[in-house]
Amino acid sequence: MTSEQVALIQQSFAKVAPISDQAAMIFYDRLFEIAPPVKAMFPHDMTEQRKKLMATLAVVVNGLSNLESVLPAASALAKRHVSYGTKPEHYPVVGSALLWTLEKGLGSGWTPDVADAWGAAYGKLSGFMISEAYGQSQAAE
Ligand code: HEM
């Protein structure tokens, strides 16, 4: 990822930050629409979950310019997800719901360059998380 891509991600995430709870609602609605069985893995009351997701995304987005700083936390997060029943194949589905949410939230701000930057960042992060949690052979990249 280039430093321009990091800047695009940080600037675009800053635009959804003021509506982060709404963005998280859109995200989970979309996730459960495209992957209905995943809904049963989550608690009934999603209030805290929405906050945790957006807070974690904020940490990752802020840490992108110094990726090494977020890798230990991302590794631990990935390993906790194994006990939530998360499988490697869930990661692309979550990525698709995330990018869809950003597209809705950003409107005309969702340019091809912004889309490429988010796609690259999620691909990198999820590939790392999958390899940490399930071993190198399962990694997407
Ligand atoms: C980069 C990708 C992801 C991020 C940043 C993320 C973030 C989080 C965070 C912050 C939590 C709160 C608990 C904790 O910190 O351990 C959580 C819980 C959870 N996540 Fe994720 N997650 C990601 C990918 C996934 C995927 C691919 C799935 C698969 C469906 C998933 C399903 C869950 C479930 C089921 C819980 C637990 C809910 C509960 O029982 O309280 N997550 N996630």
# chains A, B, ... in the order shown; residues from 1 in each chain; ligands from 1

$ residues_around --residues "stretch 12-23 of chain A" --least-positions-apart "3" --cutoff "8 Å" --atoms "only C-alpha atoms" --output "list in words"
Leu8, Ile9, Ile26, Phe27, Arg50, Lys51, Met54, Ala58, Val61, Thr101, Leu102, Gly105, Leu106, Gly109 and Val114 of chain A

$ residues_near_ligand --ligand "ligand 1" --cutoff "7 Å" --atoms "only C-alpha atoms and all ligand atoms" --output "JSON, numbers by chain"
{"A": [38, 41, 42, 43, 49, 52, 53, 56, 57, 77, 80, 81, 84, 85, 86, 87, 90, 91, 94, 122, 125, 126]}

$ write_last_selection --atoms "C-alpha atoms" --output "tab-separated table (two decimals), in the first residue's frame"
chain	number	residue	atom	x	y	z
A	38	VAL	CA	-23.52	-15.49	10.31
A	41	MET	CA	-22.85	-16.05	15.74
A	42	PHE	CA	-23.53	-12.57	17.16
A	43	PRO	CA	-25.35	-11.51	20.34
A	49	GLN	CA	-20.66	-4.90	19.19
A	52	LYS	CA	-16.32	-2.30	19.45
A	53	LEU	CA	-16.18	-2.77	15.69
A	56	THR	CA	-11.23	-1.24	16.39
A	57	LEU	CA	-11.50	-0.01	12.83
A	77	LEU	CA	-8.08	-10.28	17.52
A	80	ARG	CA	-10.07	-14.60	19.54
A	81	HIS	CA	-12.26	-14.85	16.44
A	84	TYR	CA	-16.39	-17.00	17.94
A	85	GLY	CA	-16.69	-19.62	15.18
A	86	THR	CA	-15.12	-17.41	12.50
A	87	LYS	CA	-13.77	-19.33	9.51
A	90	HIS	CA	-15.98	-15.41	6.40
A	91	TYR	CA	-13.30	-12.75	5.93
A	94	VAL	CA	-17.06	-9.24	5.96
A	122	TYR	CA	-8.70	-5.06	3.90
A	125	LEU	CA	-5.28	-7.10	7.06
A	126	SER	CA	-7.54	-10.10	6.50

$ atom_distance --atom1 "atom CA of A:Gly63" --atom2 "atom CA of A:Trp110"
21.4 Å

$ atom_distance --atom1 "atom CA of A:Leu99" --atom2 "atom CA of A:Ser75"
21.7 Å

$ atom_distance --atom1 "atom CA of A:Pro88" --atom2 "atom CA of A:Ile130"
5.9 Å

$ residues_around --residues "A:Ser3" --least-positions-apart "6" --cutoff "12 Å" --atoms "only C-alpha atoms" --output "ChimeraX atom specification"
/A:9-10,64-67,117,121

$ write_last_selection --atoms "C-alpha atoms" --output "mmCIF file, in the first residue's frame"
data_model
loop_
_atom_site.group_PDB
_atom_site.id
_atom_site.type_symbol
_atom_site.label_atom_id
_atom_site.label_comp_id
_atom_site.auth_asym_id
_atom_site.auth_seq_id
_atom_site.Cartn_x
_atom_site.Cartn_y
_atom_site.Cartn_z
ATOM 1 C CA ILE A 9 -8.287 5.603 3.754
ATOM 2 C CA GLN A 10 -7.697 7.925 6.699
ATOM 3 C CA LEU A 64 -1.954 2.137 8.856
ATOM 4 C CA SER A 65 1.003 4.479 8.424
ATOM 5 C CA ASN A 66 2.869 2.367 10.961
ATOM 6 C CA LEU A 67 1.427 -1.067 10.292
ATOM 7 C CA ALA A 117 -7.171 1.653 -1.305
ATOM 8 C CA ALA A 121 -5.977 -2.542 3.051
#

$ select_by_dssp --residues "chain A" --states "alpha helix (DSSP H)" --output "count of residues only"
99

$ closest_residue --among "A:Ala97, A:Pro37, A:Val70, A:Val6" --to "A:Ala24" --atoms "only C-alpha atoms"
A:Ala97

$ closest_residue --among "A:Ala7, A:Met129, A:Leu98, A:Ala120" --to "A:Arg30" --atoms "only C-alpha atoms"
A:Leu98
